[in-house]
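Data from upload_5.cif: mmCIF, C-alpha atoms and all ligand atoms
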data_data
loop_
_atom_site.label_atom_id
_atom_site.label_comp_id
_atom_site.auth_asym_id
_atom_site.auth_seq_id
_atom_site.Cartn_x
_atom_site.Cartn_y
_atom_site.Cartn_z
CA MET N 1 -88.34 -21.39 175.46
CA THR N 2 -85.46 -19.43 173.95
CA PHE N 3 -82.71 -21.12 172.00
CA LYS N 4 -79.16 -19.95 171.66
CA VAL N 5 -78.20 -19.33 168.03
CA ARG N 6 -74.64 -18.63 166.92
CA PRO N 7 -72.32 -19.35 164.00
CA CYS N 8 -70.58 -22.75 164.03
CA ARG N 9 -66.95 -22.79 165.17
CA ASP N 10 -65.63 -26.06 163.79
CA LEU N 11 -66.43 -28.90 161.43
CA ASP N 12 -67.94 -31.00 164.20
CA GLU N 13 -70.54 -28.33 165.10
CA PHE N 14 -71.06 -27.71 161.41
CA GLY N 15 -71.89 -31.39 160.85
CA GLN N 16 -74.36 -31.46 163.75
CA ALA N 17 -76.09 -28.31 162.51
CA VAL N 18 -76.31 -29.62 158.92
CA PHE N 19 -77.68 -32.90 160.31
CA ALA N 20 -80.71 -30.93 161.55
CA ILE N 21 -82.03 -31.07 157.98
CA GLY N 22 -79.76 -33.84 156.69
CA GLN N 23 -81.62 -36.46 158.73
CA TYR N 24 -84.82 -35.73 156.78
CA PHE N 25 -82.91 -36.56 153.59
CA GLY N 26 -81.57 -39.77 155.15
CA MET N 27 -78.09 -38.26 155.06
CA GLU N 28 -75.17 -39.04 157.39
CA PRO N 29 -72.91 -36.05 158.15
CA THR N 30 -69.63 -37.90 157.61
CA GLU N 31 -66.41 -35.94 157.94
CA GLU N 32 -65.61 -36.36 154.25
CA ARG N 33 -69.04 -35.13 153.24
CA MET N 34 -68.97 -32.16 155.60
CA GLU N 35 -65.50 -31.18 154.49
CA ARG N 36 -66.66 -31.15 150.90
CA PHE N 37 -69.79 -29.17 151.78
CA SER N 38 -67.80 -26.60 153.78
CA LYS N 39 -65.73 -25.77 150.69
CA ASN N 40 -68.78 -23.85 149.48
CA LEU N 41 -70.55 -23.06 152.73
CA PRO N 42 -68.01 -21.42 155.07
CA ILE N 43 -68.26 -22.90 158.57
CA GLU N 44 -69.03 -19.52 160.14
CA ARG N 45 -71.95 -19.06 157.71
CA MET N 46 -73.70 -22.03 159.29
CA HIS N 47 -75.76 -21.02 162.32
CA ALA N 48 -76.53 -23.62 164.95
CA ALA N 49 -79.39 -23.41 167.44
CA SER N 50 -78.84 -25.16 170.74
CA GLU N 51 -80.64 -25.99 173.94
CA ASP N 52 -78.61 -26.77 177.06
CA GLY N 53 -75.50 -26.97 174.89
CA VAL N 54 -76.99 -29.53 172.47
CA ILE N 55 -77.49 -28.56 168.83
CA VAL N 56 -81.14 -28.88 167.78
CA GLY N 57 -81.29 -26.78 164.61
CA GLY N 58 -79.21 -25.34 161.82
CA ALA N 59 -79.44 -22.77 159.03
CA GLY N 60 -76.74 -21.88 156.50
CA ALA N 61 -76.14 -19.11 153.97
CA PHE N 62 -73.92 -19.33 150.90
CA PRO N 63 -72.14 -16.08 149.99
CA PHE N 64 -73.54 -15.63 146.48
CA GLU N 65 -73.50 -13.11 143.68
CA LEU N 66 -76.99 -12.87 142.24
CA THR N 67 -77.92 -11.38 138.87
CA VAL N 68 -80.81 -8.95 139.23
CA PRO N 69 -82.15 -6.75 136.40
CA GLY N 70 -79.12 -4.81 135.16
CA ALA N 71 -76.72 -5.68 137.99
CA VAL N 72 -75.02 -8.33 140.11
CA VAL N 73 -75.62 -8.09 143.87
CA PRO N 74 -74.03 -9.84 146.90
CA THR N 75 -76.70 -12.11 148.26
CA ALA N 76 -77.12 -14.62 151.08
CA GLY N 77 -78.23 -17.98 149.69
CA VAL N 78 -80.14 -19.58 152.55
CA THR N 79 -79.72 -23.33 152.67
CA VAL N 80 -79.85 -26.47 154.88
CA VAL N 81 -82.46 -25.04 157.25
CA GLY N 82 -83.77 -27.59 159.70
CA THR N 83 -85.01 -28.25 163.21
CA PHE N 84 -84.60 -31.62 164.91
CA PRO N 85 -87.92 -33.49 164.96
CA THR N 86 -87.62 -33.56 168.77
CA HIS N 87 -87.82 -29.73 168.85
CA ARG N 88 -90.26 -28.84 166.09
CA ARG N 89 -92.75 -25.99 166.53
CA ARG N 90 -91.04 -24.53 169.57
CA GLY N 91 -89.51 -21.48 167.92
CA VAL N 92 -86.14 -22.85 166.73
CA LEU N 93 -86.69 -21.76 163.11
CA ARG N 94 -87.87 -18.33 164.20
CA ALA N 95 -84.75 -17.84 166.33
CA MET N 96 -82.50 -18.94 163.46
CA MET N 97 -84.24 -16.66 160.95
CA ARG N 98 -83.74 -13.77 163.39
CA ALA N 99 -80.02 -14.49 163.79
CA GLN N 100 -79.51 -14.99 160.05
CA LEU N 101 -81.24 -11.82 158.89
CA ASP N 102 -79.41 -9.71 161.49
CA ASP N 103 -76.17 -11.28 160.29
CA PHE N 104 -76.92 -10.57 156.59
CA ARG N 105 -77.69 -6.97 157.45
CA ALA N 106 -74.46 -6.57 159.42
CA ARG N 107 -72.53 -8.04 156.47
CA GLY N 108 -74.12 -5.58 154.06
CA GLU N 109 -75.93 -8.24 152.00
CA PRO N 110 -79.05 -6.43 150.78
CA LEU N 111 -80.77 -9.61 149.57
CA ALA N 112 -81.35 -13.17 150.67
CA LEU N 113 -82.85 -15.99 148.66
CA LEU N 114 -83.81 -19.62 149.06
CA TRP N 115 -85.70 -22.59 147.69
CA ALA N 116 -88.55 -23.50 150.01
CA SER N 117 -89.39 -27.10 150.92
CA GLU N 118 -92.94 -25.90 151.57
CA ASP N 119 -94.54 -22.67 150.38
CA THR N 120 -96.07 -21.95 153.79
CA ILE N 121 -92.87 -21.51 155.79
CA TYR N 122 -90.99 -18.38 154.77
CA GLY N 123 -93.57 -15.66 153.99
CA ARG N 124 -93.79 -14.79 157.68
CA PHE N 125 -90.07 -13.96 157.63
CA GLY N 126 -90.45 -11.60 154.65
CA TYR N 127 -89.52 -13.97 151.80
CA GLY N 128 -91.71 -13.79 148.71
CA MET N 129 -91.99 -16.12 145.72
CA ALA N 130 -89.94 -14.31 143.08
CA SER N 131 -89.67 -16.77 140.20
CA GLN N 132 -91.33 -19.86 138.86
CA CYS N 133 -89.84 -22.92 137.30
CA ALA N 134 -91.15 -25.41 134.81
CA GLU N 135 -90.82 -29.17 134.98
CA VAL N 136 -91.24 -30.54 131.45
CA THR N 137 -91.59 -33.92 129.77
CA ILE N 138 -91.16 -34.08 126.00
CA PRO N 139 -92.29 -37.35 124.39
CA ARG N 140 -90.00 -38.49 121.61
CA GLN N 141 -92.72 -38.37 118.97
CA HIS N 142 -93.29 -34.69 119.76
CA ALA N 143 -89.66 -33.59 119.83
CA GLY N 144 -89.54 -32.11 116.32
CA PHE N 145 -88.75 -28.45 115.75
CA ALA N 146 -91.21 -26.06 114.09
CA ARG N 147 -88.67 -24.54 111.72
CA PRO N 148 -86.00 -26.15 109.52
CA PHE N 149 -82.87 -26.65 111.57
CA GLU N 150 -79.28 -27.01 110.48
CA ARG N 151 -76.44 -27.85 112.79
CA GLU N 152 -73.58 -25.32 112.77
CA GLY N 153 -71.60 -26.35 115.81
CA ARG N 154 -70.15 -29.57 117.14
CA VAL N 155 -71.19 -31.40 120.29
CA ARG N 156 -68.53 -33.34 122.19
CA LEU N 157 -68.73 -35.60 125.23
CA VAL N 158 -66.18 -34.35 127.76
CA ASP N 159 -64.99 -35.57 131.14
CA SER N 160 -65.40 -33.55 134.32
CA THR N 161 -61.88 -32.10 134.05
CA GLU N 162 -62.56 -30.59 130.66
CA ALA N 163 -66.06 -29.57 131.70
CA LEU N 164 -64.51 -27.64 134.58
CA GLU N 165 -62.54 -25.56 132.09
CA LEU N 166 -65.27 -25.04 129.47
CA PHE N 167 -68.67 -24.89 131.17
CA PRO N 168 -67.98 -21.84 133.37
CA ARG N 169 -67.28 -19.77 130.26
CA VAL N 170 -70.77 -20.41 128.95
CA TRP N 171 -72.35 -20.03 132.37
CA ASP N 172 -70.73 -16.65 132.98
CA ALA N 173 -71.89 -15.27 129.65
CA VAL N 174 -75.48 -16.40 130.24
CA ARG N 175 -75.77 -15.68 133.94
CA ARG N 176 -74.77 -12.04 133.65
CA ARG N 177 -77.88 -11.25 131.68
CA THR N 178 -80.30 -13.58 133.40
CA PRO N 179 -81.95 -12.45 136.64
CA GLY N 180 -81.95 -15.24 139.19
CA MET N 181 -78.70 -16.84 138.08
CA LEU N 182 -75.78 -17.10 140.48
CA GLY N 183 -72.06 -16.67 140.19
CA ARG N 184 -70.27 -20.01 140.58
CA THR N 185 -66.81 -20.42 142.02
CA ARG N 186 -64.45 -23.14 140.85
CA ASN N 187 -65.23 -25.01 144.07
CA TRP N 188 -68.92 -24.80 143.28
CA TRP N 189 -68.38 -26.37 139.87
CA GLU N 190 -66.00 -28.97 141.15
CA HIS N 191 -67.74 -30.07 144.32
CA ARG N 192 -71.39 -29.58 143.42
CA ILE N 193 -72.16 -29.36 139.72
CA LEU N 194 -69.66 -31.81 138.28
CA PHE N 195 -69.33 -33.99 141.37
CA GLU N 196 -71.41 -37.13 141.67
CA VAL N 197 -72.80 -37.64 145.17
CA PRO N 198 -72.60 -41.41 145.75
CA GLY N 199 -76.08 -42.91 145.48
CA SER N 200 -77.61 -39.87 143.76
CA GLY N 201 -79.51 -40.05 140.51
CA GLU N 202 -82.40 -42.16 141.84
CA GLY N 203 -81.87 -45.10 139.58
CA ALA N 204 -80.53 -43.11 136.64
CA GLY N 205 -76.95 -43.41 135.39
CA PRO N 206 -74.07 -41.03 136.13
CA LYS N 207 -73.98 -37.44 134.91
CA ARG N 208 -72.80 -37.10 131.31
CA PHE N 209 -71.24 -33.87 130.13
CA VAL N 210 -71.34 -32.41 126.61
CA VAL N 211 -70.08 -29.14 125.24
CA LEU N 212 -71.32 -27.38 122.11
CA GLU N 213 -68.56 -25.55 120.24
CA ARG N 214 -68.63 -23.25 117.23
CA ASP N 215 -65.32 -22.21 115.73
CA GLY N 216 -63.63 -23.83 118.71
CA ARG N 217 -65.49 -21.67 121.25
CA PRO N 218 -67.86 -23.16 123.86
CA GLU N 219 -71.35 -21.75 123.32
CA GLY N 220 -73.43 -24.24 125.23
CA TYR N 221 -73.25 -27.29 127.47
CA ALA N 222 -75.49 -29.91 128.96
CA ILE N 223 -75.39 -32.27 131.92
CA TYR N 224 -77.75 -35.23 131.70
CA ARG N 225 -78.40 -38.78 132.85
CA HIS N 226 -79.70 -41.85 131.04
CA LYS N 227 -82.42 -43.75 132.85
CA PRO N 228 -82.74 -46.93 130.80
CA LYS N 229 -85.87 -49.07 130.96
CA TRP N 230 -87.26 -51.68 128.57
CA SER N 231 -90.76 -52.97 128.47
CA GLU N 232 -91.75 -55.95 126.27
CA GLY N 233 -88.72 -55.35 124.09
CA ILE N 234 -89.48 -51.65 123.57
CA SER N 235 -87.47 -48.86 125.11
CA ASP N 236 -89.23 -46.78 127.72
CA SER N 237 -86.02 -45.00 128.67
CA GLU N 238 -85.79 -41.45 129.94
CA LEU N 239 -83.20 -38.83 129.18
CA GLN N 240 -82.99 -36.60 132.24
CA VAL N 241 -81.58 -33.15 131.60
CA VAL N 242 -79.87 -31.96 134.75
CA GLU N 243 -78.78 -28.60 133.31
CA ALA N 244 -78.62 -27.23 129.76
CA VAL N 245 -77.25 -23.73 129.31
CA ALA N 246 -76.37 -22.02 126.03
CA LEU N 247 -76.10 -18.63 124.44
CA ASP N 248 -79.32 -17.26 122.95
CA GLY N 249 -80.48 -18.32 119.49
CA GLN N 250 -78.73 -21.05 117.50
CA PRO N 251 -76.66 -22.46 120.42
CA THR N 252 -79.78 -22.99 122.54
CA ALA N 253 -81.51 -24.72 119.61
CA GLU N 254 -78.45 -26.89 118.97
CA ILE N 255 -77.97 -28.12 122.51
CA TRP N 256 -81.66 -29.04 122.77
CA ARG N 257 -81.66 -30.71 119.33
CA TYR N 258 -78.79 -32.85 120.57
CA LEU N 259 -80.59 -33.78 123.79
CA LEU N 260 -83.92 -34.52 122.08
CA ASP N 261 -82.29 -36.80 119.48
CA ILE N 262 -80.43 -39.15 121.81
CA ASP N 263 -81.38 -42.73 120.93
CA TRP N 264 -83.55 -44.92 123.16
CA ALA N 265 -85.11 -41.97 125.00
CA ALA N 266 -88.87 -42.41 124.95
CA ARG N 267 -89.01 -39.02 126.62
CA THR N 268 -86.74 -36.17 127.65
CA THR N 269 -87.33 -34.52 131.02
CA ALA N 270 -86.04 -31.34 132.65
CA PHE N 271 -87.27 -29.84 135.87
CA LEU N 272 -85.86 -26.39 136.47
CA LEU N 273 -86.53 -24.47 133.26
CA PRO N 274 -87.56 -20.83 133.18
CA VAL N 275 -91.22 -20.27 132.29
CA ASP N 276 -90.23 -18.38 129.12
CA HIS N 277 -87.86 -21.09 127.85
CA PRO N 278 -87.36 -20.98 124.04
CA LEU N 279 -88.52 -24.62 123.79
CA TRP N 280 -92.07 -23.30 123.61
CA TRP N 281 -91.15 -21.69 120.28
CA LEU N 282 -88.62 -24.22 119.03
CA LEU N 283 -90.96 -27.21 119.23
CA ALA N 284 -93.52 -27.82 116.50
CA THR N 285 -96.08 -29.24 118.96
CA PRO N 286 -95.46 -27.47 122.28
CA ARG N 287 -98.83 -28.57 123.63
CA ASN N 288 -97.35 -32.03 123.88
CA MET N 289 -94.53 -30.81 126.08
CA ARG N 290 -96.19 -31.68 129.38
CA GLN N 291 -95.45 -28.96 131.87
CA ARG N 292 -95.86 -28.38 135.59
CA ILE N 293 -95.16 -24.91 136.92
CA GLY N 294 -94.01 -24.49 140.50
CA ASP N 295 -92.51 -21.80 142.68
CA GLY N 296 -88.82 -21.16 142.14
CA LEU N 297 -86.68 -18.68 144.05
CA TRP N 298 -87.92 -16.97 147.18
CA VAL N 299 -86.34 -13.55 147.72
CA ARG N 300 -86.00 -11.44 150.88
CA LEU N 301 -85.12 -7.74 150.71
CA VAL N 302 -82.88 -7.54 153.78
CA ASP N 303 -82.32 -3.83 153.25
CA VAL N 304 -85.10 -2.38 151.10
CA GLY N 305 -83.27 0.86 150.26
CA ALA N 306 -80.02 -0.85 149.26
CA ALA N 307 -81.78 -3.66 147.38
CA LEU N 308 -83.98 -1.34 145.33
CA SER N 309 -81.01 0.92 144.61
CA SER N 310 -78.89 -2.03 143.44
CA ARG N 311 -81.00 -3.03 140.44
CA ARG N 312 -81.68 -1.07 137.26
CA TYR N 313 -85.09 0.05 136.01
CA ALA N 314 -86.54 -0.38 132.54
CA ALA N 315 -88.46 2.90 132.45
CA ASP N 316 -88.15 6.42 133.78
CA GLY N 317 -90.60 7.69 136.33
CA ALA N 318 -91.08 7.20 140.03
CA VAL N 319 -93.40 5.42 142.39
CA VAL N 320 -93.93 5.79 146.13
CA LEU N 321 -94.25 2.55 148.07
CA ASP N 322 -95.62 2.12 151.57
CA VAL N 323 -93.76 -0.95 152.79
CA LEU N 324 -94.65 -2.98 155.87
CA ASP N 325 -91.98 -5.26 157.34
CA GLU N 326 -92.86 -6.79 160.70
CA PHE N 327 -89.83 -9.07 161.01
CA CYS N 328 -87.24 -6.47 159.94
CA PRO N 329 -88.87 -3.18 160.99
CA TRP N 330 -85.92 -1.09 159.74
CA ASN N 331 -87.49 -1.47 156.27
CA THR N 332 -90.96 -0.27 157.18
CA GLY N 333 -92.03 3.10 155.79
CA LEU N 334 -92.38 5.18 152.62
CA TRP N 335 -89.90 4.66 149.80
CA ARG N 336 -89.68 6.65 146.57
CA VAL N 337 -88.28 4.44 143.82
CA SER N 338 -86.98 5.89 140.56
CA SER N 339 -84.27 5.08 138.05
CA ARG N 340 -81.86 6.78 140.46
CA GLY N 341 -82.64 4.24 143.21
CA ALA N 342 -84.76 4.23 146.37
CA LYS N 343 -84.95 6.91 149.04
CA ARG N 344 -87.07 7.47 152.09
CA THR N 345 -89.76 10.06 151.41
CA THR N 346 -92.61 11.92 153.01
CA SER N 347 -94.64 12.02 149.76
CA ALA N 348 -98.08 10.42 149.63
CA PRO N 349 -97.92 6.64 149.17
CA GLN N 350 -99.16 5.18 145.88
CA LEU N 351 -98.86 1.43 146.47
CA ARG N 352 -99.13 -0.32 149.84
CA LEU N 353 -97.56 -3.74 150.22
CA ASP N 354 -95.65 -5.90 152.61
CA VAL N 355 -91.97 -6.64 152.13
CA SER N 356 -92.53 -10.23 150.91
CA THR N 357 -94.79 -8.95 148.12
CA LEU N 358 -92.21 -6.37 147.12
CA ALA N 359 -89.70 -9.23 146.95
CA SER N 360 -91.99 -11.03 144.47
CA THR N 361 -91.63 -8.11 142.04
CA TYR N 362 -87.91 -7.60 142.56
CA LEU N 363 -86.47 -9.87 139.85
CA GLY N 364 -89.21 -8.96 137.36
CA GLY N 365 -90.89 -12.37 137.69
CA PHE N 366 -94.26 -10.96 138.78
CA THR N 367 -95.89 -7.61 138.08
CA PHE N 368 -97.40 -5.15 140.53
CA SER N 369 -100.63 -5.31 138.52
CA GLU N 370 -101.04 -9.05 138.96
CA LEU N 371 -100.31 -8.72 142.66
CA VAL N 372 -102.97 -5.98 142.92
CA ARG N 373 -105.39 -8.40 141.25
CA GLY N 374 -104.20 -11.16 143.58
CA GLY N 375 -105.04 -9.08 146.63
CA ARG N 376 -101.46 -8.61 147.77
CA ILE N 377 -101.00 -4.92 146.88
CA GLU N 378 -103.27 -1.99 147.59
CA GLU N 379 -103.19 0.55 144.76
CA LEU N 380 -103.73 3.92 146.43
CA ARG N 381 -103.16 6.04 143.32
CA ARG N 382 -104.68 4.90 140.01
CA GLY N 383 -102.07 4.00 137.43
CA ALA N 384 -99.31 3.48 139.99
CA ALA N 385 -99.19 -0.30 139.47
CA ALA N 386 -98.83 0.07 135.69
CA ARG N 387 -96.05 2.63 136.18
CA ALA N 388 -94.24 0.34 138.61
CA ASP N 389 -94.68 -2.56 136.14
CA ALA N 390 -92.91 -0.60 133.41
CA MET N 391 -90.06 0.30 135.77
CA PHE N 392 -89.54 -3.17 137.27
CA ALA N 393 -89.93 -5.08 133.98
CA SER N 394 -87.24 -7.57 133.01
CA GLU N 395 -86.43 -8.62 129.45
CA ARG N 396 -86.54 -12.27 130.47
CA ALA N 397 -88.11 -14.30 133.25
CA PRO N 398 -85.88 -14.95 136.24
CA TRP N 399 -84.22 -18.34 136.08
CA CYS N 400 -82.25 -20.25 138.67
CA PRO N 401 -81.27 -23.60 137.11
CA GLU N 402 -80.32 -25.28 140.39
CA ILE N 403 -81.65 -25.90 143.84
CA PHE N 404 -78.98 -25.05 146.41
C1 LIG S 501 -89.80 -26.44 158.64
C2 LIG S 501 -89.02 -26.42 159.95
C3 LIG S 501 -87.63 -25.82 159.70
C4 LIG S 501 -89.78 -25.55 160.96
O1 LIG S 501 -89.00 -25.39 162.12
P1 LIG S 501 -89.64 -25.14 163.59
O2 LIG S 501 -88.50 -24.94 164.50
O3 LIG S 501 -90.60 -26.23 163.89
O4 LIG S 501 -90.44 -23.78 163.35
P2 LIG S 501 -90.84 -22.71 164.49
O5 LIG S 501 -91.36 -23.41 165.70
O6 LIG S 501 -89.75 -21.72 164.71
O7 LIG S 501 -92.03 -22.01 163.74
C5 LIG S 501 -91.97 -20.67 163.28
C6 LIG S 501 -93.27 -20.35 162.60
O8 LIG S 501 -93.35 -21.07 161.37
C7 LIG S 501 -94.52 -21.90 161.35
N1 LIG S 501 -94.14 -23.12 160.66
C8 LIG S 501 -93.11 -23.92 160.96
N2 LIG S 501 -93.04 -24.92 160.08
C9 LIG S 501 -94.05 -24.76 159.21
C10 LIG S 501 -94.51 -25.49 158.09
N3 LIG S 501 -93.90 -26.62 157.70
N4 LIG S 501 -95.59 -25.03 157.43
C11 LIG S 501 -96.22 -23.91 157.85
N5 LIG S 501 -95.82 -23.17 158.91
C12 LIG S 501 -94.75 -23.60 159.58
C13 LIG S 501 -94.86 -22.11 162.79
O9 LIG S 501 -96.23 -22.40 162.95
C14 LIG S 501 -94.49 -20.78 163.41
O10 LIG S 501 -95.50 -19.83 163.12
P3 LIG S 501 -95.74 -18.55 164.07
O11 LIG S 501 -94.39 -17.95 164.36
O12 LIG S 501 -96.60 -17.67 163.24
O13 LIG S 501 -96.37 -19.09 165.28
C15 LIG S 501 -88.88 -27.84 160.56
O14 LIG S 501 -90.14 -28.39 160.72
C16 LIG S 501 -88.04 -28.78 159.72
O15 LIG S 501 -86.86 -28.87 159.93
N6 LIG S 501 -88.69 -29.49 158.76
C17 LIG S 501 -88.01 -30.45 157.89
C18 LIG S 501 -86.91 -29.81 157.05
C19 LIG S 501 -87.41 -28.63 156.24
O16 LIG S 501 -88.42 -28.66 155.59
N7 LIG S 501 -86.62 -27.54 156.30
C20 LIG S 501 -86.88 -26.36 155.51
C21 LIG S 501 -86.01 -26.43 154.30
S1 LIG S 501 -86.37 -25.16 153.14
#
Produce structure tokens that represent the structure in this file.
Amino acid sequence: MTFKVRPCRDLDEFGQAVFAIGQYFGMEPTEERMERFSKNLPIERMHAASEDGVIVGGAGAFPFELTVPGAVVPTAGVTVVGTFPTHRRRGVLRAMMRAQLDDFRARGEPLALLWASEDTIYGRFGYGMASQCAEVTIPRQHAGFARPFEREGRVRLVDSTEALELFPRVWDAVRRRTPGMLGRTRNWWEHRILFEVPGSGEGAGPKRFVVLERDGRPEGYAIYRHKPKWSEGISDSELQVVEAVALDGQPTAEIWRYLLDIDWAARTTAFLLPVDHPLWWLLATPRNMRQRIGDGLWVRLVDVGAALSSRRYAADGAVVLDVLDEFCPWNTGLWRVSSRGAKRTTSAPQLRLDVSTLASTYLGGFTFSELVRGGRIEELRRGAAARADAMFASERAPWCPEIF
């Protein structure tokens, strides 16, 4: 069976295509909701798959700017991918992935990225796990810092209007040097980050917004929810950190000191932290910060040459990669990568890998050496993996603080 896949033409089609996944979330594609969603996901960037004129699947792509080591790159942010339960395992997803990747290529977007609902779905389409994220729980009795701490700034509760003016200034400063972070438009802030979807929060209160200022300048912010609970007269409440972003050093320590000190919280939780978060070094007893590590961003090099030429490299030298890409064969072949970018070559290959594995190294979240040890890369020339590691290294772990 072949399905017809094409971009949506109006809000009605858009709603039906979004419903392909929305139904699994128990969501209704009301006009108001779809209008709001389409402020960030342009209608024509939502593909719909249909059979006999009836929509049975959908896949969208936000037009993002992604920070990669040393640069910011236009990137397709794949989202709301779903197939109606009536049509599962009949090739709808495959047809949509085909249409999407051809579209990204035609648009000149060298990269695509997504959050995967299951880690088994996207590897076959060339996506590779490219970052990890940490879900942490910090019990109140273990929230003390290791070193003496003195507050220098001031934390203020603000409403969403003021947050809309102040938070983006912090975000932009931090995201430009953090691989994995995305540019956010005003619409993104207004309709996603600061907006409260009715019924969200799973029993916790509304989002609260605070800004940290020093000398009148915003240097950090946090969005959090209180989840109050009392048991036998004792608080068992949770402070849920939705997003906490601050400049390096003192501002990061200050925003977390604020969050960890809020009264009643028996524990503070956060679920999308980078694996190298400074909390490990700020806390006096980090072992008691319970942590679960999971996969974060999945990256797809849509155009291997353009993607590898877009980022910067931490070391001089060159490496020759033999790349296999079954789903997008235009990428298959030998690539020489150096600090001047990537070019096709006829030189002898030094590392052999498929395109999803190359994607895992792209943001600096995983090394070639660990992927050799994990059986994903064949090292054809001794020392090539270590050389590639030095070139692809990133000063900090990739971090994407939100699921889109
Ligand atoms: C996951 C989902 C999109 C798959 O769609 P589908 O139309 O059934 O997938 P297809 O029939 O095109 O399958 C394509 C390939 O992926 C595989 N596949 C599909 N879903 C899979 C899953 N959940 N786990 C592992 N493999 C999966 C198929 O076996 C097939 O493999 P093959 O091409 O090697 O034979 C669909 O089941 C769905 O909508 N699930 C609920 C929502 C969801 O999880 N969406 C993804 C959000 S990130």
Per-residue nearest contacts chain N to ligand LIG 501 (chain S), cut-off 6 Å, using all atoms listed in the file, as a Markdown table:
| residue | atom | partner | partner_atom | distance |
| --- | --- | --- | --- | --- |
| N:Ile21 | CA | S:LIG501 | C18 | 5.1 |
| N:Val81 | CA | S:LIG501 | C21 | 4.8 |
| N:Gly82 | CA | S:LIG501 | O15 | 3.4 |
| N:Thr83 | CA | S:LIG501 | O15 | 3.8 |
| N:Arg88 | CA | S:LIG501 | O3 | 3.4 |
| N:Arg89 | CA | S:LIG501 | O5 | 3.0 |
| N:Arg90 | CA | S:LIG501 | O5 | 4.0 |
| N:Gly91 | CA | S:LIG501 | O6 | 3.2 |
| N:Val92 | CA | S:LIG501 | O2 | 3.9 |
| N:Leu93 | CA | S:LIG501 | O6 | 3.5 |
| N:Arg94 | CA | S:LIG501 | O6 | 3.9 |
| N:Ala116 | CA | S:LIG501 | S1 | 4.2 |
| N:Ser117 | CA | S:LIG501 | S1 | 4.2 |
| N:Thr120 | CA | S:LIG501 | C11 | 4.5 |
| N:Ile121 | CA | S:LIG501 | N5 | 4.6 |
* To do: Give as a list of chain:residue names the set of residues within 12 Å of the point (-69.7, -16.5, 142.4), where distances use the file's coordinates and all atoms listed in the file.
  => N:Asn40, N:Phe62, N:Pro63, N:Phe64, N:Glu65, N:Leu66, N:Thr67, N:Val72, N:Val73, N:Pro74, N:Thr75, N:Ala76, N:Gly77, N:Pro168, N:Trp171, N:Asp172, N:Arg175, N:Arg176, N:Met181, N:Leu182, N:Gly183, N:Arg184, N:Thr185, N:Arg186, N:Asn187, N:Trp188, N:Trp189
Could you give me the centre and size, in Å to one decimal, of an axis-aligned box around all listed atoms of segment 192-210 of chain N with 4 Å added on every side, as AutoDock Vina command-line options?
--center_x -75.9 --center_y -37.2 --center_z 136.2 --size_x 21.1 --size_y 23.7 --size_z 27.1
* Tell me which protein, DNA and RNA residues are within 8 Å of segment 216-225 of chain N, counting all atoms listed in the file, leaving out same-chain ones fewer than 4 positions away, and put them as an MDAnalysis selection string. => chainID N and resid 166:167 169:170 201 204:212 239:247 251:252 255
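Proximity to Leu272 of chain N was assessed for N:Arg344, N:Arg257, N:Arg292, N:Arg376 counting all atoms listed in the file; the smallest distance is recorded for N:Arg292.
Distance check against Gln100 of chain N using all atoms listed in the file: of N:Val302, N:Ile55, N:Leu297, N:Leu41, the minimum falls on N:Val302.
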* Asked: Can you tell me how far atom CA of Ala130 of chain N sits from atom CA of Ala59 of chain N, in Å to one decimal?
  -> 20.9 Å
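Atom CA of Gly375 of chain N to atom CA of Ala342 of chain N spans 24.3 Å [interatomic distance, one decimal].
The two atoms in question, atom CA of Arg151 of chain N and atom CA of Ser237 of chain N, are spaced 25.3 Å apart.
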* To do: Determine, counting all atoms listed in the file, which protein, DNA and RNA residues have an atom within 12 Å of an atom of Ala348 of chain N; residues of the same chain fewer than 3 positions away are not included. Present the result as a PyMOL selection string.
  => chain N and resi 319-322+333-336+344-345+351-352+380-381+384
* Near-Arg147 of chain N list (10 Å; only C-alpha atoms; drop same-chain fewer than 2 positions) as a ChimeraX atom specification -> /N:144-145,149-150,281-284
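Among the candidates N:Met129, N:Met96, N:Val136, N:Leu194, the one nearest to Glu165 of chain N when counting all atoms listed in the file is N:Leu194.
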